[in-house]
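Enquirer: Got coords-v8.txt for you, compact mmCIF, C-alpha atoms:
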# COMPACT_ATOMS: atom_id res chain seq x y z
CA MET A 236 114.45 83.78 85.07
CA ALA A 237 114.91 87.54 85.48
CA ALA A 238 111.95 89.92 85.57
CA ASP A 239 111.52 92.90 83.25
CA LEU A 240 110.14 96.28 84.35
CA LEU A 241 107.97 98.77 82.51
CA LEU A 242 107.97 102.33 83.85
CA GLY A 243 106.71 105.79 82.96
CA LEU A 244 109.49 108.36 82.69
CA GLN A 245 107.54 111.62 82.88
CA TRP A 246 104.63 112.80 85.06
CA GLY A 247 102.48 109.79 84.24
CA ASP A 248 99.96 109.26 81.43
CA GLU A 249 102.72 108.11 79.09
CA GLY A 250 100.75 105.17 77.65
CA LYS A 251 102.07 102.32 79.79
CA GLY A 252 98.83 100.37 79.56
CA LYS A 253 99.04 100.06 75.78
CA ILE A 254 102.66 98.89 75.83
CA VAL A 255 102.00 96.32 78.57
CA ASP A 256 99.13 95.08 76.42
CA VAL A 257 101.42 94.89 73.37
CA LEU A 258 104.14 93.04 75.30
CA THR A 259 101.93 90.73 77.36
CA SER A 260 101.99 87.85 74.91
CA LYS A 261 105.71 87.45 75.72
CA TYR A 262 105.14 87.02 79.46
CA ASP A 263 103.61 84.45 81.79
CA ILE A 264 102.95 86.94 84.62
CA ILE A 265 102.07 90.65 84.69
CA ALA A 266 102.57 92.17 88.15
CA ARG A 267 101.51 95.65 89.26
CA PHE A 268 103.88 96.92 91.97
CA GLN A 269 102.65 100.30 93.29
CA GLY A 270 100.03 103.02 93.14
CA GLY A 271 96.29 103.13 93.54
CA PRO A 272 93.09 103.59 91.54
CA ASN A 273 93.91 107.15 90.49
CA ALA A 274 96.14 105.62 87.82
CA GLY A 275 94.11 104.76 84.73
CA HIS A 276 95.84 102.50 82.22
CA THR A 277 94.11 102.87 78.86
CA LEU A 278 94.11 100.06 76.30
CA GLU A 279 92.44 100.23 72.91
CA PHE A 280 91.87 97.34 70.53
CA ASP A 281 89.09 95.92 68.36
CA GLY A 282 87.48 99.37 68.35
CA ILE A 283 86.95 99.35 72.14
CA LYS A 284 88.65 101.59 74.72
CA HIS A 285 89.37 100.01 78.10
CA VAL A 286 90.45 101.85 81.26
CA LEU A 287 91.97 99.77 84.06
CA ARG A 288 92.54 101.30 87.49
CA THR A 289 93.90 98.53 89.71
CA ILE A 290 93.94 95.36 87.63
CA PRO A 291 97.14 94.82 85.59
CA SER A 292 96.96 95.41 81.86
CA GLY A 293 97.52 91.75 81.01
CA ILE A 294 94.00 90.79 82.01
CA PHE A 295 92.83 90.72 78.38
CA HIS A 296 95.34 88.06 77.34
CA LYS A 297 94.26 84.46 77.68
CA THR A 298 97.30 82.94 79.32
CA ALA A 299 98.86 85.67 81.49
CA ILE A 300 98.51 85.57 85.28
CA ASN A 301 97.96 89.07 86.75
CA ILE A 302 99.25 89.96 90.22
CA ILE A 303 98.33 93.01 92.30
CA GLY A 304 101.45 93.36 94.43
CA ASN A 305 102.02 94.40 98.02
CA GLY A 306 103.04 97.92 97.00
CA VAL A 307 99.59 98.68 95.58
CA VAL A 308 96.77 100.28 97.58
CA ILE A 309 93.32 98.91 96.75
CA ASP A 310 89.94 100.58 97.05
CA PRO A 311 87.54 97.59 97.21
CA VAL A 312 84.65 99.75 95.88
CA VAL A 313 86.59 100.87 92.82
CA PHE A 314 87.91 97.33 92.36
CA GLN A 315 84.38 95.89 92.36
CA ARG A 316 83.27 98.40 89.72
CA GLU A 317 86.27 97.50 87.62
CA ILE A 318 85.39 93.80 87.82
CA GLU A 319 81.78 94.57 86.90
CA GLY A 320 82.93 96.63 83.93
CA LEU A 321 84.94 93.69 82.62
CA ALA A 322 82.05 91.21 82.98
CA LYS A 323 80.75 91.76 79.44
CA PHE A 324 84.07 90.57 77.99
CA GLU A 325 83.65 87.14 79.62
CA LEU A 326 87.16 87.06 81.04
CA ASP A 327 88.12 84.28 83.44
CA ILE A 328 89.17 86.77 86.09
CA LYS A 329 89.02 84.28 88.97
CA SER A 330 91.79 82.14 87.47
CA LYS A 331 93.85 84.99 86.01
CA LEU A 332 93.99 87.51 88.86
CA ILE A 333 95.59 87.15 92.29
CA ILE A 334 96.24 89.71 95.04
CA SER A 335 99.01 90.08 97.59
CA ARG A 336 97.90 89.78 101.19
CA LYS A 337 100.31 92.61 102.00
CA ALA A 338 98.57 95.15 99.73
CA HIS A 339 96.88 97.90 101.77
CA LEU A 340 93.18 98.78 101.66
CA ILE A 341 91.78 102.24 101.00
CA LEU A 342 88.95 102.83 103.47
CA PRO A 343 86.04 105.25 102.92
CA THR A 344 87.53 107.48 105.61
CA HIS A 345 90.82 107.62 103.70
CA ARG A 346 88.94 109.33 100.87
CA LEU A 347 87.35 111.74 103.33
CA LEU A 348 90.72 112.53 104.88
CA ASP A 349 92.09 113.20 101.40
CA ALA A 350 89.28 115.66 100.68
CA ALA A 351 89.61 117.39 104.07
CA SER A 352 93.38 117.73 103.77
CA GLU A 353 93.20 119.16 100.25
CA ALA A 354 90.40 121.58 101.18
CA SER A 355 92.43 122.88 104.12
CA LYS A 356 95.36 123.84 101.87
CA GLY A 357 93.45 126.38 99.79
CA LYS A 358 95.62 127.75 96.99
CA ALA A 359 98.55 125.61 98.16
CA LYS A 360 96.76 122.37 97.27
CA ILE A 361 98.81 119.60 95.68
CA GLY A 362 96.19 118.58 93.12
CA SER A 363 95.22 115.27 94.71
CA THR A 364 92.77 113.06 92.82
CA LEU A 365 90.95 112.63 96.16
CA LYS A 366 90.95 108.83 95.90
CA GLY A 367 92.33 108.39 99.43
CA ILE A 368 95.70 107.16 98.21
CA GLY A 369 97.93 109.58 100.14
CA PRO A 370 96.25 108.94 103.50
CA THR A 371 96.41 105.18 102.88
CA TYR A 372 100.15 105.29 102.29
CA MET A 373 100.48 107.51 105.37
CA ASP A 374 98.77 104.82 107.43
CA LYS A 375 101.01 102.21 105.83
CA THR A 376 104.23 103.99 106.80
CA GLY A 377 102.71 104.98 110.15
CA ARG A 378 102.01 101.29 110.85
CA ASN A 379 98.29 101.83 111.22
CA GLY A 380 97.08 100.43 107.91
CA ILE A 381 94.74 97.57 107.11
CA ARG A 382 95.93 95.03 104.56
CA VAL A 383 94.19 92.58 102.27
CA GLY A 384 95.30 89.70 104.48
CA ASP A 385 93.45 91.25 107.43
CA ILE A 386 90.18 90.45 105.65
CA GLU A 387 90.87 86.80 106.48
CA LEU A 388 91.17 87.53 110.22
CA GLU A 389 88.29 87.15 112.69
CA ASP A 390 88.77 90.66 114.09
CA PHE A 391 88.73 92.43 110.70
CA GLN A 392 85.61 94.43 111.60
CA GLU A 393 87.18 95.61 114.85
CA ARG A 394 90.37 96.62 113.08
CA TYR A 395 88.34 98.58 110.56
CA ARG A 396 86.26 100.36 113.22
CA SER A 397 89.30 101.35 115.24
CA LEU A 398 91.05 102.96 112.26
CA ALA A 399 87.89 104.59 110.89
CA ASN A 400 87.15 106.17 114.28
CA LYS A 401 90.68 107.57 114.36
CA HIS A 402 90.16 109.02 110.88
CA GLU A 403 86.94 110.74 111.90
CA GLU A 404 88.76 112.52 114.72
CA MET A 405 91.43 113.62 112.24
CA ILE A 406 88.79 114.96 109.85
CA LYS A 407 87.43 117.16 112.66
CA PHE A 408 90.95 118.53 113.17
CA TYR A 409 91.05 119.96 109.63
CA ASP A 410 87.99 122.10 110.43
CA VAL A 411 86.67 122.22 106.86
CA ASN A 412 83.17 121.77 105.54
CA ILE A 413 82.94 118.48 103.64
CA GLN A 414 79.60 116.72 103.30
CA TYR A 415 79.44 112.92 103.54
CA ASN A 416 77.29 110.00 104.63
CA LEU A 417 79.69 107.51 106.19
CA VAL A 418 76.94 104.94 106.84
CA GLU A 419 76.23 104.69 103.11
CA MET A 420 79.93 104.70 102.25
CA GLU A 421 80.61 101.88 104.70
CA LYS A 422 77.69 99.82 103.42
CA GLU A 423 79.15 100.00 99.93
CA PHE A 424 82.64 99.27 101.26
CA PHE A 425 81.69 96.08 103.09
CA GLU A 426 79.65 94.83 100.15
CA SER A 427 82.70 95.27 97.95
CA ILE A 428 84.87 93.46 100.52
CA GLU A 429 82.70 90.39 99.92
CA GLU A 430 83.45 90.65 96.19
CA LEU A 431 87.15 91.03 96.95
CA ARG A 432 87.05 87.77 98.91
CA LYS A 433 86.21 85.94 95.67
CA ILE A 434 89.73 86.63 94.37
CA ASP A 435 92.59 84.44 95.59
CA PHE A 436 94.93 86.12 98.08
CA ILE A 437 98.58 85.07 97.96
CA ASP A 438 101.91 85.65 99.66
CA SER A 439 103.08 87.39 96.51
CA GLU A 440 106.80 87.60 97.27
CA GLU A 441 106.90 83.80 97.68
CA TYR A 442 104.74 83.28 94.58
CA ILE A 443 106.92 85.51 92.39
CA ASN A 444 110.23 84.11 93.59
CA GLN A 445 108.99 80.56 93.01
CA ALA A 446 107.77 81.59 89.55
CA GLN A 447 111.25 82.87 88.74
CA LYS A 448 112.77 79.57 89.88
CA ASP A 449 110.29 77.78 87.64
CA GLY A 450 111.43 79.80 84.64
CA LYS A 451 108.31 81.92 84.31
CA SER A 452 108.68 85.24 82.50
CA ILE A 453 107.49 88.25 84.50
CA LEU A 454 106.70 91.84 83.49
CA CYS A 455 106.44 94.28 86.37
CA GLU A 456 104.05 97.17 85.65
CA GLY A 457 104.34 100.55 87.32
CA ALA A 458 101.77 103.31 87.66
CA GLN A 459 102.14 107.10 87.34
CA GLY A 460 105.61 108.29 86.25
CA SER A 461 109.15 108.69 87.56
CA LEU A 462 108.83 112.45 88.06
CA LEU A 463 105.99 111.71 90.50
CA ASP A 464 108.17 109.42 92.65
CA VAL A 465 107.86 110.35 96.33
CA ASP A 466 111.67 110.53 96.66
CA PHE A 467 112.93 111.54 93.22
CA GLY A 468 109.97 113.44 91.79
CA THR A 469 109.03 117.12 91.97
CA TYR A 470 108.20 116.97 95.68
CA PRO A 471 105.72 117.77 97.20
CA TYR A 472 103.77 117.60 93.93
CA VAL A 473 104.22 113.84 93.71
CA THR A 474 102.36 110.63 94.40
CA SER A 475 102.80 108.71 97.67
CA SER A 476 104.80 105.72 96.44
CA ASN A 477 108.04 104.88 94.64
CA THR A 478 107.21 104.90 90.94
CA THR A 479 110.81 104.17 89.93
CA ALA A 480 112.50 100.81 89.35
CA ALA A 481 113.29 100.49 93.06
CA GLY A 482 109.52 100.36 93.68
CA ALA A 483 109.33 97.03 91.89
CA CYS A 484 111.71 95.50 94.42
CA THR A 485 109.81 96.79 97.45
CA GLY A 486 106.38 96.47 95.83
CA LEU A 487 106.74 92.84 94.76
CA GLY A 488 109.63 91.39 96.74
CA ILE A 489 111.90 90.96 93.70
CA ALA A 490 115.64 91.20 94.40
CA PRO A 491 117.53 93.87 92.38
CA ASN A 492 119.80 91.26 90.79
CA LYS A 493 116.72 89.45 89.43
CA ILE A 494 115.78 92.38 87.15
CA LYS A 495 116.86 92.33 83.50
CA GLU A 496 115.26 94.74 81.03
CA VAL A 497 113.91 98.12 82.16
CA TYR A 498 111.51 99.51 79.57
CA GLY A 499 111.05 103.27 79.82
CA ILE A 500 107.91 104.86 78.32
CA PHE A 501 107.75 108.53 77.35
CA LYS A 502 105.59 110.77 75.20
CA ALA A 503 107.06 112.59 72.19
CA TYR A 504 106.06 115.71 74.15
CA VAL A 505 105.28 116.15 77.87
CA THR A 506 102.07 116.37 79.88
CA ARG A 507 101.29 116.94 83.53
CA VAL A 508 98.06 116.77 85.55
CA GLY A 509 97.44 118.85 88.65
CA SER A 510 99.78 121.29 90.34
CA GLY A 511 103.56 121.42 90.29
CA PRO A 512 106.46 122.85 88.27
CA PHE A 513 106.67 122.13 84.53
CA PRO A 514 109.56 123.92 82.77
CA THR A 515 108.49 123.29 79.15
CA GLU A 516 104.77 123.91 79.67
CA LEU A 517 103.09 125.76 76.80
CA HIS A 518 100.42 128.40 77.37
CA ASP A 519 99.90 129.11 73.67
CA GLU A 520 98.22 127.67 70.59
CA ASP A 521 100.81 124.88 70.30
CA GLY A 522 99.93 123.65 73.79
CA GLU A 523 96.22 123.81 73.01
CA THR A 524 96.80 121.84 69.81
CA MET A 525 98.69 119.11 71.67
CA ALA A 526 95.88 118.82 74.22
CA ARG A 527 93.14 118.76 71.60
CA VAL A 528 94.75 116.40 69.09
CA GLY A 529 96.23 114.19 71.80
CA ASN A 530 92.93 114.04 73.73
CA GLU A 531 94.86 114.97 76.84
CA TYR A 532 92.30 114.32 79.51
CA GLY A 533 92.74 111.94 82.44
CA SER A 534 91.35 108.45 81.78
CA VAL A 535 90.10 108.24 85.38
CA THR A 536 89.64 111.84 86.52
CA GLY A 537 88.80 113.53 83.20
CA ARG A 538 91.09 116.40 84.19
CA LYS A 539 92.73 118.33 81.36
CA ARG A 540 96.46 117.72 81.12
CA ARG A 541 98.96 120.54 80.82
CA CYS A 542 101.11 120.14 77.68
CA GLY A 543 104.64 121.14 76.71
CA TRP A 544 107.65 120.37 74.54
CA LEU A 545 109.81 117.32 75.21
CA ASP A 546 112.21 117.88 78.13
CA LEU A 547 115.37 115.82 77.59
CA VAL A 548 116.99 117.05 80.82
CA ALA A 549 114.15 115.52 82.83
CA LEU A 550 113.99 112.44 80.60
CA LYS A 551 117.70 111.68 80.99
CA TYR A 552 117.35 112.07 84.76
CA ALA A 553 114.52 109.51 84.79
CA VAL A 554 116.53 107.13 82.60
CA GLN A 555 119.49 107.34 84.98
CA ILE A 556 117.64 106.72 88.23
CA ASN A 557 115.77 103.76 86.70
CA GLY A 558 118.62 102.14 84.77
CA VAL A 559 116.47 102.12 81.62
CA THR A 560 117.73 99.73 78.93
CA GLN A 561 115.14 100.40 76.20
CA LEU A 562 112.96 103.41 75.39
CA MET A 563 109.48 103.46 73.92
CA MET A 564 108.13 106.70 72.45
CA MET A 565 104.38 107.27 72.55
CA LYS A 566 102.12 109.66 70.64
CA GLY A 567 104.56 110.60 67.90
CA ASP A 568 101.48 110.96 65.69
CA ILE A 569 100.25 113.94 67.76
CA LEU A 570 103.20 116.05 66.64
CA SER A 571 102.35 115.69 62.95
CA GLY A 572 101.67 119.12 61.49
CA PHE A 573 103.99 121.19 63.67
CA PRO A 574 106.43 122.90 61.24
CA THR A 575 109.04 123.27 64.00
CA LEU A 576 109.56 121.16 67.12
CA LYS A 577 111.37 122.38 70.20
CA VAL A 578 113.30 120.09 72.53
CA CYS A 579 114.67 121.22 75.89
CA THR A 580 118.35 120.21 76.09
CA GLN A 581 119.49 122.40 79.02
CA TYR A 582 118.08 124.55 81.80
CA ASN A 583 119.00 128.11 82.56
CA TYR A 584 119.24 127.62 86.32
CA LYS A 585 119.65 130.87 88.24
CA GLY A 586 121.53 132.38 85.30
CA LYS A 587 123.73 129.36 84.58
CA ALA A 588 123.25 126.72 81.85
CA ILE A 589 123.03 123.23 83.37
CA SER A 590 122.32 119.80 81.89
CA HIS A 591 121.17 117.97 85.01
CA PHE A 592 117.83 117.91 86.85
CA PRO A 593 118.22 120.19 89.90
CA TYR A 594 116.58 120.10 93.33
CA ASN A 595 114.12 122.87 92.44
CA ILE A 596 112.64 123.42 88.97
CA GLU A 597 110.14 126.13 89.87
CA ASP A 598 109.70 128.91 87.28
CA GLU A 599 111.70 131.44 89.28
CA ASN A 600 114.76 129.17 89.14
CA VAL A 601 114.52 127.37 85.79
CA THR A 602 114.01 128.45 82.17
CA PRO A 603 114.28 125.82 79.41
CA ILE A 604 116.94 126.16 76.72
CA TYR A 605 115.62 124.73 73.46
CA THR A 606 117.04 123.11 70.36
CA GLU A 607 114.77 123.40 67.31
CA LEU A 608 114.15 120.53 64.92
CA LYS A 609 112.17 120.36 61.70
CA GLY A 610 108.67 118.89 62.01
CA TRP A 611 106.71 116.66 59.66
CA ALA A 612 103.27 116.91 58.11
CA GLN A 613 102.50 113.27 57.30
CA ASP A 614 99.76 111.32 59.08
CA LEU A 615 101.54 108.51 60.93
CA THR A 616 98.52 106.53 62.11
CA GLY A 617 98.43 104.13 59.15
CA MET A 618 102.17 103.46 59.04
CA THR A 619 103.33 99.98 60.01
CA SER A 620 107.14 99.99 59.65
CA TYR A 621 110.05 102.20 60.64
CA ASP A 622 111.01 102.66 56.99
CA GLN A 623 107.68 104.37 56.30
CA LEU A 624 108.22 107.08 58.91
CA PRO A 625 109.08 110.55 57.61
CA LYS A 626 112.74 111.56 57.60
CA GLU A 627 112.11 114.36 60.09
CA LEU A 628 110.61 111.97 62.63
CA LYS A 629 113.58 109.63 62.26
CA GLU A 630 115.86 112.61 62.89
CA TYR A 631 113.79 113.50 65.96
CA ILE A 632 114.18 109.92 67.25
CA GLU A 633 117.93 109.87 66.55
CA PHE A 634 118.37 113.21 68.32
CA ILE A 635 116.69 111.82 71.44
CA GLU A 636 118.71 108.59 71.32
CA ASN A 637 122.01 110.47 70.99
CA TYR A 638 121.15 112.73 73.94
CA ILE A 639 119.81 110.01 76.26
CA GLU A 640 122.27 107.31 75.11
CA VAL A 641 119.58 104.62 75.21
CA PRO A 642 117.89 103.15 72.09
CA ILE A 643 114.23 103.77 71.22
CA LYS A 644 112.83 100.36 70.32
CA ILE A 645 109.11 101.10 69.96
CA ILE A 646 107.32 104.06 68.36
CA SER A 647 103.58 104.33 68.94
CA VAL A 648 101.63 106.04 66.15
CA GLY A 649 98.09 105.66 67.52
CA PRO A 650 96.09 104.31 70.47
CA ASP A 651 95.32 100.86 69.03
CA ARG A 652 97.67 97.98 69.89
CA LYS A 653 98.22 97.50 66.13
CA GLN A 654 99.51 101.08 65.77
CA THR A 655 102.89 100.12 67.19
CA ILE A 656 106.13 100.21 65.21
CA LEU A 657 109.14 98.14 66.23
CA LYS A 658 112.52 99.64 65.40
In structure tokens, how does this file's structure come out?
Expert:
Amino acid sequence: MAADLLLGLQWGDEGKGKIVDVLTSKYDIIARFQGGPNAGHTLEFDGIKHVLRTIPSGIFHKTAINIIGNGVVIDPVVFQREIEGLAKFELDIKSKLIISRKAHLILPTHRLLDAASEASKGKAKIGSTLKGIGPTYMDKTGRNGIRVGDIELEDFQERYRSLANKHEEMIKFYDVNIQYNLVEMEKEFFESIEELRKIDFIDSEEYINQAQKDGKSILCEGAQGSLLDVDFGTYPYVTSSNTTAAGACTGLGIAPNKIKEVYGIFKAYVTRVGSGPFPTELHDEDGETMARVGNEYGSVTGRKRRCGWLDLVALKYAVQINGVTQLMMMKGDILSGFPTLKVCTQYNYKGKAISHFPYNIEDENVTPIYTELKGWAQDLTGMTSYDQLPKELKEYIEFIENYIEVPIKIISVGPDRKQTILK
């Protein structure tokens, strides 16, 4: 049985959590393959809004097994809070959630390193969420990291102390003034480690490959978005992991030839959090309207998202590097009321019109070239079928499909799982 992937195609915040929730009933296993607790997947149903940081979005479905894969970095403190927040829903988390032994742990000193590094950069800061994710991945690739499986070893405390001491020396090197109480942070950390022990640890690559042999259906869930990929994103304003389809192979141990469908999620417009280039960003009333109506604030950080028109050059690039087979368009309802919609179909790159995503998209090199389409005024949130959608929205969808050359199969017209139209 082949696995399917679900990926964000922009700078994150595309609405992956909702779509995983919508699709979960079709799958036996939901597996998260990269990222850390800065990625908030928002699900809304039965009048309740849920924000998941580390736990896969299938946790609310009765039969799905949820795997946190080896490519994920876990903050035990955040994880414990997440578990506590789910307690009131009486979910059988112990039997539905399992964690790869090869997943890396975010230590308290990783968060301090993150803060010290960002403070030292001044105006050149990347816009880190300060969750310790970057330093954790640095330790992973530097072969210094501590993994979930190390919790089971007798010398876990010694391993922790050795790495934490190294981090404290590194913090001194940055020579910045950050206030912290490591004794309190470590107390909380080790208490949360005891909670983490209550979850079953697995050799996830073996588990997943055996599940495929047994005919189990698997949905692999990514975090962030393709334009934040550490290799293919707008470097250095990226996350620290591979957010593209390749990340599912390395983050779960799934062979490339065992992947079938690649679902690509994108917003009907574009948003970005933090620093970094953004060719179609709006600094006018239209951008403010998108942010206000779309409630464009981070589900974890609360940071306001920058908003802009849909960028088809960037979207096609993300589709190509991921091998996307189906598209899913989110937040079409937010564009209701705009008399005219603009869509970026080319870049003016150093005076020349190009249709591909170049190495550098900073403002001094790139200006978007727009095609204008007619907007629609109708409220989409109560619509339940494709036939009900306004003609202008259908034309917008067809324009995107013709440019990207991949079909749009789902159109989201609201945050609730029921506000999802299949095409």
Enquirer: Counting all atoms listed in the file, what is within 10 Å of Gly529 in chain A, bar same-chain residues fewer than 6 positions away, as a PDB file with C-alpha atoms, in the coordinates of the input?
Expert:
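Written file, result_21.pdb:
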ATOM      1  CA  GLU A 523      96.220 123.810  73.010  1.00  0.00           C
ATOM      2  CA  ARG A 540      96.460 117.720  81.120  1.00  0.00           C
ATOM      3  CA  CYS A 542     101.110 120.140  77.680  1.00  0.00           C
ATOM      4  CA  LYS A 566     102.120 109.660  70.640  1.00  0.00           C
ATOM      5  CA  GLY A 567     104.560 110.600  67.900  1.00  0.00           C
ATOM      6  CA  ASP A 568     101.480 110.960  65.690  1.00  0.00           C
ATOM      7  CA  ILE A 569     100.250 113.940  67.760  1.00  0.00           C
ATOM      8  CA  LEU A 570     103.200 116.050  66.640  1.00  0.00           C
ATOM      9  CA  GLY A 649      98.090 105.660  67.520  1.00  0.00           C
ATOM     10  CA  PRO A 650      96.090 104.310  70.470  1.00  0.00           C
TER      11      PRO A 650
END
Enquirer: Name the residues in contact with Arg382 in chain A at a cut-off of 10 Å, using only C-alpha atoms, excluding same-chain residues fewer than 3 positions from it; report them as a ChimeraX atom specification.
Expert: /A:305,308-309,335-341,375,379,385-387,391
Enquirer: Could you write out that same residue set with C-alpha atoms as a tab-separated table (two decimals), keeping the file's coordinate frame?
Expert:
chain	number	residue	atom	x	y	z
A	305	ASN	CA	102.02	94.40	98.02
A	308	VAL	CA	96.77	100.28	97.58
A	309	ILE	CA	93.32	98.91	96.75
A	335	SER	CA	99.01	90.08	97.59
A	336	ARG	CA	97.90	89.78	101.19
A	337	LYS	CA	100.31	92.61	102.00
A	338	ALA	CA	98.57	95.15	99.73
A	339	HIS	CA	96.88	97.90	101.77
A	340	LEU	CA	93.18	98.78	101.66
A	341	ILE	CA	91.78	102.24	101.00
A	375	LYS	CA	101.01	102.21	105.83
A	379	ASN	CA	98.29	101.83	111.22
A	385	ASP	CA	93.45	91.25	107.43
A	386	ILE	CA	90.18	90.45	105.65
A	387	GLU	CA	90.87	86.80	106.48
A	391	PHE	CA	88.73	92.43	110.70
Enquirer: Calculated over only C-alpha atoms, which of the candidates A:Gln561, A:Gln445, A:Thr602, A:Ser352 has the smallest distance to His402 in chain A?
Expert: A:Ser352
Enquirer: Which residue, A:Ala458, A:Ala322, A:Leu348, A:Met565, has the smallest gap to Arg267 in chain A when you use only C-alpha atoms?
Expert: A:Ala458
Enquirer: What is the CA of Arg507 in chain A to CA of Arg538 in chain A distance in Å?
Expert: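 So the answer is 10.2 Å.
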Enquirer: Kindly extract all protein, DNA and RNA residues lying within 6 Å of the coordinates (112.6, 88.8, 86.5) given in the file, considering all atoms listed in the file, and supply them as a list in words.
Expert: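 Result, sorted by chain then residue number: Met236, Ala237, Ala238, Asp239, Ile453, Lys493 and Ile494 of chain A.
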Enquirer: Can you work out the spacing between CA of Leu258 in chain A and CA of Trp544 in chain A in Å, to one decimal?
Expert: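 That distance, rounded to one decimal, is 27.6 Å.
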